[in-house]
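Coordinates from data_12.cif are shown below (mmCIF, C-alpha atoms).
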```
data_work
#
loop_
_atom_site.label_atom_id
_atom_site.label_comp_id
_atom_site.auth_asym_id
_atom_site.auth_seq_id
_atom_site.Cartn_x
_atom_site.Cartn_y
_atom_site.Cartn_z
CA LEU A 1 -19.00 14.38 25.37
CA SER A 2 -19.38 15.22 29.05
CA GLY A 3 -18.04 17.68 31.61
CA THR A 4 -17.27 21.32 30.84
CA ILE A 5 -15.07 23.24 28.43
CA TRP A 6 -12.50 23.45 31.26
CA ASN A 7 -12.60 19.82 32.38
CA GLY A 8 -14.15 17.44 29.91
CA HIS A 9 -14.31 13.91 28.61
CA ALA A 10 -14.84 12.43 25.16
CA GLY A 11 -15.75 8.76 25.04
CA SER A 12 -14.14 8.35 21.62
CA ALA A 13 -11.32 10.23 19.89
CA ARG A 14 -10.04 9.65 16.35
CA VAL A 15 -7.05 10.98 14.42
CA TYR A 16 -7.23 10.63 10.62
CA GLY A 17 -9.83 7.91 11.10
CA THR A 18 -7.79 5.92 13.64
CA GLU A 19 -9.58 5.20 16.90
CA LEU A 20 -7.46 6.21 19.92
CA GLY A 21 -9.86 5.61 22.80
CA ALA A 22 -11.25 8.02 25.38
CA LEU A 23 -9.92 11.56 25.82
CA ASP A 24 -9.87 13.73 28.95
CA TRP A 25 -8.79 17.36 28.94
CA ARG A 26 -8.09 20.09 31.47
CA LEU A 27 -7.96 23.57 29.99
CA SER A 28 -5.70 26.21 31.56
CA PRO A 29 -7.37 29.64 31.80
CA LEU A 30 -4.34 31.96 32.11
CA PRO A 31 -2.82 31.30 28.62
CA LEU A 32 -6.12 32.40 27.11
CA LEU A 33 -5.13 35.96 28.01
CA ARG A 34 -2.33 35.62 25.42
CA GLY A 35 -4.62 34.02 22.87
CA VAL A 36 -3.11 30.60 23.53
CA ILE A 37 -5.22 27.50 24.12
CA ALA A 38 -3.34 25.21 26.52
CA ALA A 39 -4.61 21.93 27.91
CA GLN A 40 -3.46 18.77 29.62
CA LEU A 41 -4.65 15.85 27.47
CA ASP A 42 -4.96 12.22 28.57
CA ILE A 43 -5.80 9.40 26.14
CA HIS A 44 -6.73 5.99 27.56
CA GLY A 45 -8.87 2.93 27.01
CA GLY A 46 -7.47 1.91 23.62
CA GLU A 47 -4.27 0.46 22.17
CA VAL A 48 -2.60 3.86 22.46
CA THR A 49 -2.40 5.63 25.82
CA GLY A 50 -0.67 8.88 26.62
CA SER A 51 -0.63 12.24 28.32
CA GLY A 52 0.96 15.63 27.76
CA VAL A 53 0.46 19.36 27.51
CA VAL A 54 -0.70 20.74 24.16
CA GLU A 55 -0.77 24.44 23.30
CA ARG A 56 -2.28 26.07 20.23
CA GLU A 57 -0.95 29.52 19.43
CA PRO A 58 -2.92 32.24 17.57
CA ASP A 59 -1.15 31.43 14.26
CA GLY A 60 -2.23 27.79 14.51
CA THR A 61 1.14 26.44 15.67
CA LEU A 62 0.89 23.46 18.02
CA GLN A 63 3.36 22.91 20.84
CA VAL A 64 3.53 19.61 22.75
CA THR A 65 5.65 19.30 25.89
CA GLY A 66 6.21 16.59 28.46
CA ALA A 67 4.22 13.98 26.53
CA VAL A 68 4.49 10.24 27.16
CA ILE A 69 2.81 7.83 24.74
CA HIS A 70 2.54 4.03 25.02
CA MET A 71 1.58 1.81 22.09
CA PRO A 72 2.01 -1.80 20.97
CA ALA A 73 5.04 -2.34 18.75
CA SER A 74 2.77 -3.92 16.14
CA LEU A 75 1.55 -0.44 15.17
CA ALA A 76 5.05 0.35 13.86
CA ALA A 77 5.05 -2.65 11.50
CA PRO A 78 4.06 -0.70 8.33
CA ALA A 79 7.04 1.65 8.73
CA LEU A 80 9.60 -1.14 9.30
CA ASP A 81 8.17 -3.27 6.46
CA ILE A 82 9.29 -6.73 7.61
CA PRO A 83 6.33 -8.79 6.32
CA MET A 84 7.48 -12.20 7.55
CA LEU A 85 7.77 -11.15 11.19
CA GLN A 86 5.30 -9.77 13.74
CA LEU A 87 6.55 -7.12 16.15
CA LEU A 88 5.92 -7.79 19.85
CA GLY A 89 6.44 -5.69 22.95
CA GLN A 90 5.50 -2.13 23.89
CA MET A 91 6.85 1.18 22.65
CA GLU A 92 7.17 4.17 24.94
CA ILE A 93 7.55 7.56 23.25
CA ASN A 94 8.79 10.46 25.35
CA LEU A 95 8.39 13.87 23.73
CA ALA A 96 10.32 16.58 25.54
CA GLN A 97 9.26 18.98 22.80
CA LEU A 98 7.28 18.88 19.57
CA ARG A 99 6.37 21.99 17.60
CA VAL A 100 4.12 21.64 14.56
CA GLN A 101 3.37 24.31 11.96
CA GLY A 102 0.99 23.33 9.20
CA ALA A 103 1.34 19.57 9.01
CA TRP A 104 5.05 19.12 9.72
CA PRO A 105 7.12 19.37 12.92
CA THR A 106 9.50 22.34 12.93
CA ALA A 107 11.12 21.32 16.22
CA ALA A 108 11.30 18.01 18.03
CA GLN A 109 13.28 16.30 20.75
CA GLY A 110 12.67 13.00 22.47
CA GLU A 111 13.27 9.30 22.59
CA ILE A 112 11.53 6.02 21.82
CA ARG A 113 12.12 2.88 23.87
CA TRP A 114 10.94 -0.49 22.59
CA ARG A 115 10.52 -2.53 25.76
CA ASP A 116 10.67 -6.34 25.71
CA ALA A 117 11.18 -6.22 21.96
CA ALA A 118 10.58 -9.53 20.22
CA VAL A 119 9.44 -10.96 16.90
CA ALA A 120 7.16 -13.86 15.99
CA GLY A 121 5.90 -15.43 12.79
CA ALA A 122 8.43 -17.02 10.44
CA ALA A 123 10.89 -16.91 13.34
CA GLN A 124 10.57 -16.25 17.06
CA ALA A 125 13.20 -14.35 18.99
CA PRO A 126 13.54 -12.03 22.00
CA LEU A 127 15.49 -8.90 21.10
CA GLY A 128 15.80 -7.12 24.45
CA ASP A 129 15.15 -3.41 24.95
CA LEU A 130 15.93 -1.03 22.07
CA GLN A 131 16.18 2.75 22.15
CA ALA A 132 16.11 5.60 19.63
CA ARG A 133 16.82 9.29 20.29
CA PHE A 134 15.84 12.08 17.90
CA ALA A 135 16.02 15.85 17.55
CA SER A 136 15.53 18.57 14.95
CA ALA A 137 18.35 19.04 12.44
CA ALA A 138 19.59 22.27 10.85
CA ASP A 139 17.98 21.43 7.49
CA GLY A 140 14.50 21.18 9.04
CA SER A 141 14.41 17.39 9.18
CA ILE A 142 14.27 15.21 12.29
CA ALA A 143 17.30 12.96 12.71
CA GLY A 144 18.21 10.34 15.23
CA THR A 145 20.16 7.27 16.24
CA ALA A 146 19.05 3.81 17.39
CA HIS A 147 20.89 1.29 19.52
CA ASP A 148 20.32 -1.74 21.74
CA LEU A 149 20.47 -1.73 25.53
CA GLY A 150 22.46 -4.92 25.89
CA GLY A 151 19.96 -7.64 24.91
CA PRO A 152 20.26 -10.56 22.48
CA LEU A 153 20.20 -8.20 19.45
CA ARG A 154 23.03 -5.81 18.65
CA LEU A 155 21.67 -2.69 16.93
CA ASP A 156 23.43 0.38 15.57
CA GLY A 157 21.39 2.63 13.30
CA THR A 158 20.51 6.12 12.11
CA PHE A 159 17.32 7.58 10.68
CA LYS A 160 16.04 10.83 9.20
CA MET A 161 12.51 12.12 8.64
CA ALA A 162 11.59 15.00 6.33
CA ALA A 163 8.39 16.25 4.77
CA ASP A 164 8.89 14.06 1.69
CA GLY A 165 9.50 10.80 3.58
CA TYR A 166 11.86 8.93 5.87
CA ASP A 167 15.08 6.96 5.53
CA ALA A 168 16.78 4.64 7.98
CA GLN A 169 19.68 2.25 8.02
CA ALA A 170 20.63 -0.17 10.74
CA ARG A 171 23.25 -2.85 11.24
CA LEU A 172 21.89 -5.83 13.18
CA ALA A 173 23.70 -8.81 14.67
CA ALA A 174 23.11 -11.61 17.17
CA ARG A 175 24.94 -10.94 20.43
CA ASP A 176 27.04 -13.97 21.46
CA GLY A 177 25.66 -15.83 18.44
CA ASN A 178 22.14 -16.09 19.89
CA PRO A 179 20.50 -18.80 17.70
CA GLN A 180 16.98 -17.36 17.85
CA VAL A 181 18.17 -13.93 16.73
CA LEU A 182 20.26 -15.49 13.98
CA ASP A 183 17.14 -17.29 12.73
CA ALA A 184 15.09 -14.06 12.79
CA LEU A 185 17.76 -12.08 10.92
CA ARG A 186 17.28 -14.37 7.91
CA PHE A 187 14.04 -12.43 7.26
CA ILE A 188 15.46 -8.94 7.84
CA GLY A 189 17.59 -6.89 5.47
CA GLN A 190 20.66 -8.07 3.58
CA PRO A 191 23.35 -10.38 5.03
CA GLN A 192 26.83 -8.88 5.28
CA GLY A 193 30.24 -10.51 5.07
CA ASP A 194 30.91 -10.04 8.79
CA GLY A 195 27.79 -11.98 9.79
CA SER A 196 25.65 -8.93 10.48
CA THR A 197 22.54 -7.79 8.59
CA LEU A 198 22.05 -4.40 6.95
CA LEU A 199 18.49 -3.07 7.04
CA LEU A 200 17.65 -0.14 4.75
CA ILE A 201 14.23 1.54 4.97
CA HIS A 202 12.75 4.24 2.77
CA GLY A 203 9.15 5.37 2.91
CA LYS A 204 6.73 8.14 2.09
CA PHE A 205 4.27 9.77 4.43
CA LEU A 206 0.57 9.85 3.64
CA SER A 207 -0.70 12.67 1.45
CA PHE A 208 -1.90 14.81 4.37
CA PHE A 209 1.76 15.46 5.21
#
```

Would you give me this structure, written as structure tokens?
Amino acid sequence: LSGTIWNGHAGSARVYGTELGALDWRLSPLPLLRGVIAAQLDIHGGEVTGSGVVEREPDGTLQVTGAVIHMPASLAAPALDIPMLQLLGQMEINLAQLRVQGAWPTAAQGEIRWRDAAVAGAAQAPLGDLQARFASAADGSIAGTAHDLGGPLRLDGTFKMAADGYDAQARLAARDGNPQVLDALRFIGQPQGDGSTLLLIHGKFLSFF
């Protein structure tokens, strides 16, 4: 650690044992008058980089606003569970709002863009840019939609995350019969009669959720 409580630097930051890289913070003094700890955080130097404003309220609630996070797509591989293919490209996560009470978000709004999406391994194919948008739902879950931005892969999907796990379904197809995408889709989901592939995902979060 170096610097001061107001402007400081940590050479190494970890979340649940995962190394994130270096962390810089700039604490805002005025919110302290309301009992709120507010700081601009910047993470850099590792696979994950990002910045945003984080506030901790007196009851322990965390509020994140204006956060942008960049990470390699390979870090999302365990959630998508496609063992024969490696995920390539970069993911950009934009959090307009994230409110966390306890260990679960009670409010969220943002989008994820997978830039230069591609796969390698049993098949190699460029997929183009893909995008997902999400927001809080009335039942307390976080729900969203996913779609392509006009690349070689056609994508139309929905997903939902709740405290007990996450579910997603997506229909995938090769735009204009792209042969590389057709080859990759052999290792993803279940083939459908119209030539598309249906991908169904269900997972549980780790015990700390």

Within 12 Å of Ala137 (chain A) using all atoms listed in the file, minus same-chain residues under 3 positions, as a list in words:
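Counting only the stated atoms, we get Pro105, Thr106, Ala107, Ala108, Gln109, Phe134, Gly140, Ser141, Ile142, Ala143, Gly144, Phe159, Lys160, Met161 and Ala162 of chain A.
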
What is the CA of Tyr166 (chain A)-CA of Ile43 (chain A) distance in Å, reported with one decimal?
26.9 Å

For the structure shown, which residues end up in the PyMOL selection byres ((chain A and resi 69) around 7)? Put them as a PyMOL selection string, please?
chain A and resi 49-51+67-68+70-71+92-94

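Going from CA of Leu41 (chain A) over to CA of Leu75 (chain A), you cover 21.3 Å.
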
Local residues around (2.2, 21.7, 26.4), at most 10 Å away, using only C-alpha atoms, as a VMD selection string
chain A and resid 37 to 41 52 to 56 62 to 67 96 to 99

Taking only C-alpha atoms into account, name the residue in A:Leu1, A:Leu185, A:Ala146, A:Asp167 that is nearest to Leu85 (chain A).
A:Leu185

Would you kindly identify which residues have an atom no farther than 12 Å from (-8.6, 3.6, 16.6), using all atoms listed in the file and the file's own coordinates, and write them out as JSON, numbers by chain?
{"A": [12, 13, 14, 15, 16, 17, 18, 19, 20, 21, 22, 43, 44, 45, 46, 47, 48, 49, 71, 75]}

Deliver the residues from the most recent selection as a file, using C-alpha atoms, as a PDB file, in the frame of the given file.
```
ATOM      1  CA  SER A  12     -14.140   8.350  21.620  1.00  0.00           C
ATOM      2  CA  ALA A  13     -11.320  10.230  19.890  1.00  0.00           C
ATOM      3  CA  ARG A  14     -10.040   9.650  16.350  1.00  0.00           C
ATOM      4  CA  VAL A  15      -7.050  10.980  14.420  1.00  0.00           C
ATOM      5  CA  TYR A  16      -7.230  10.630  10.620  1.00  0.00           C
ATOM      6  CA  GLY A  17      -9.830   7.910  11.100  1.00  0.00           C
ATOM      7  CA  THR A  18      -7.790   5.920  13.640  1.00  0.00           C
ATOM      8  CA  GLU A  19      -9.580   5.200  16.900  1.00  0.00           C
ATOM      9  CA  LEU A  20      -7.460   6.210  19.920  1.00  0.00           C
ATOM     10  CA  GLY A  21      -9.860   5.610  22.800  1.00  0.00           C
ATOM     11  CA  ALA A  22     -11.250   8.020  25.380  1.00  0.00           C
ATOM     12  CA  ILE A  43      -5.800   9.400  26.140  1.00  0.00           C
ATOM     13  CA  HIS A  44      -6.730   5.990  27.560  1.00  0.00           C
ATOM     14  CA  GLY A  45      -8.870   2.930  27.010  1.00  0.00           C
ATOM     15  CA  GLY A  46      -7.470   1.910  23.620  1.00  0.00           C
ATOM     16  CA  GLU A  47      -4.270   0.460  22.170  1.00  0.00           C
ATOM     17  CA  VAL A  48      -2.600   3.860  22.460  1.00  0.00           C
ATOM     18  CA  THR A  49      -2.400   5.630  25.820  1.00  0.00           C
ATOM     19  CA  MET A  71       1.580   1.810  22.090  1.00  0.00           C
ATOM     20  CA  LEU A  75       1.550  -0.440  15.170  1.00  0.00           C
TER      21      LEU A  75
END
```

Picked residues, the PyMOL selection byres ((chain A and resi 198-204) around 10), expected as a count of residues only
35

Identify all residues satisfying the PyMOL selection byres ((chain A and resi 123) around 10) in the given file; provide them as a list in words.
Met84, Leu85, Gln86, Val119, Ala120, Gly121, Ala122, Gln124, Ala125, Gln180, Val181, Leu182, Asp183, Ala184, Leu185, Arg186 and Phe187 of chain A

Residue nearest Ala135 (chain A) among A:Arg115, A:Gly110, A:Thr61, A:Leu155 (counting all atoms listed in the file)
A:Gly110

Edge lengths and centre in Å to one decimal, as JSON, of the axis-aligned box that encloses all listed atoms of region 118-132 of chain A with 5 Å added on every side?
```
{"center_x": 11.0, "center_y": -5.7, "center_z": 17.7, "size_x": 20.3, "size_y": 32.6, "size_z": 24.5}
```

d(CA of Pro179 (chain A), CA of Leu153 (chain A)) in Å:
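The value is 10.7 Å.
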
Within 9 Å of Gly60 (chain A), counting only C-alpha atoms, which residues qualify if same-chain residues fewer than 4 places away don't, as a PDB file with C-alpha atoms, in the coordinates of the input?
```pdb
ATOM      1  CA  ARG A  56      -2.280  26.070  20.230  1.00  0.00           C
ATOM      2  CA  VAL A 100       4.120  21.640  14.560  1.00  0.00           C
ATOM      3  CA  GLN A 101       3.370  24.310  11.960  1.00  0.00           C
ATOM      4  CA  GLY A 102       0.990  23.330   9.200  1.00  0.00           C
TER       5      GLY A 102
END
```
